[in-house]
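Just below is one structure, and these are the notes that go with it.
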Amino acid sequence: MYFKSCLFFVVLTAFLASCKHSIKKDRAVVQHKPTLLTHKVDTEVREKNAVIDFPCAVIVYPSDKAVSKLKKSYSEDDYNTIVDDNQNYMAKSLTYLDSVKAKKIQRESTGMVSFKTVSGETFEIKLDTLGWAVLLFNGQNKPIQADMTAFEDNYKGYMK
């Protein structure tokens, strides 16, 4: 009986020790690009130089270069907090866009994106300076970068 108790204790301790190790390891690796499995993202505008001439939301994620710069500029904890906060706001924004059935285009934060209004005006926005962002374009006015902390209000005020 004593042997079984000791064996159970050793196995339990080893199991708990391995769990703590994997939690610590996973916490240090925060992904900067979310999986959009629950959010459908349109892929109509695949070419980086294509002009967007229809109402939509452009979902911008940081490029690998931007992520490297963030990692160098901040401590691991601060970096993880920044990523977590931005992913949270992005997820809420995408959920709202899904609820209103808005067209979405996903872009990495490199190069630029061009928009053309119904009146023929063209606007270009450089993506290099953006990390996580949502650009809204209603097809009639200059596109805006939405404030993701008040995304629903921004969307309603600009898109309708």
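Chain labels follow the order of the structure tokens: the first chain is A, the next B, and so on; residue numbering restarts at 1 in every chain, and ligands are counted from 1 in their shown order.
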Mind checking which residues fall within 10 Å of range 122-138 of chain A, counting only C-alpha atoms, ignoring those fewer than 4 positions away in the same chain, and posting them as number ranges by chain? A: 32-33, 51-63, 65-67, 70, 83, 86-87, 89-90, 93-94, 104-118, 142-148, 151, 154-155, 158-160
I need the alpha helix (DSSP H) residues of range 63-125 of chain A per DSSP on the backbone, written as a PyMOL selection string. chain A and resi 64-73+76-99
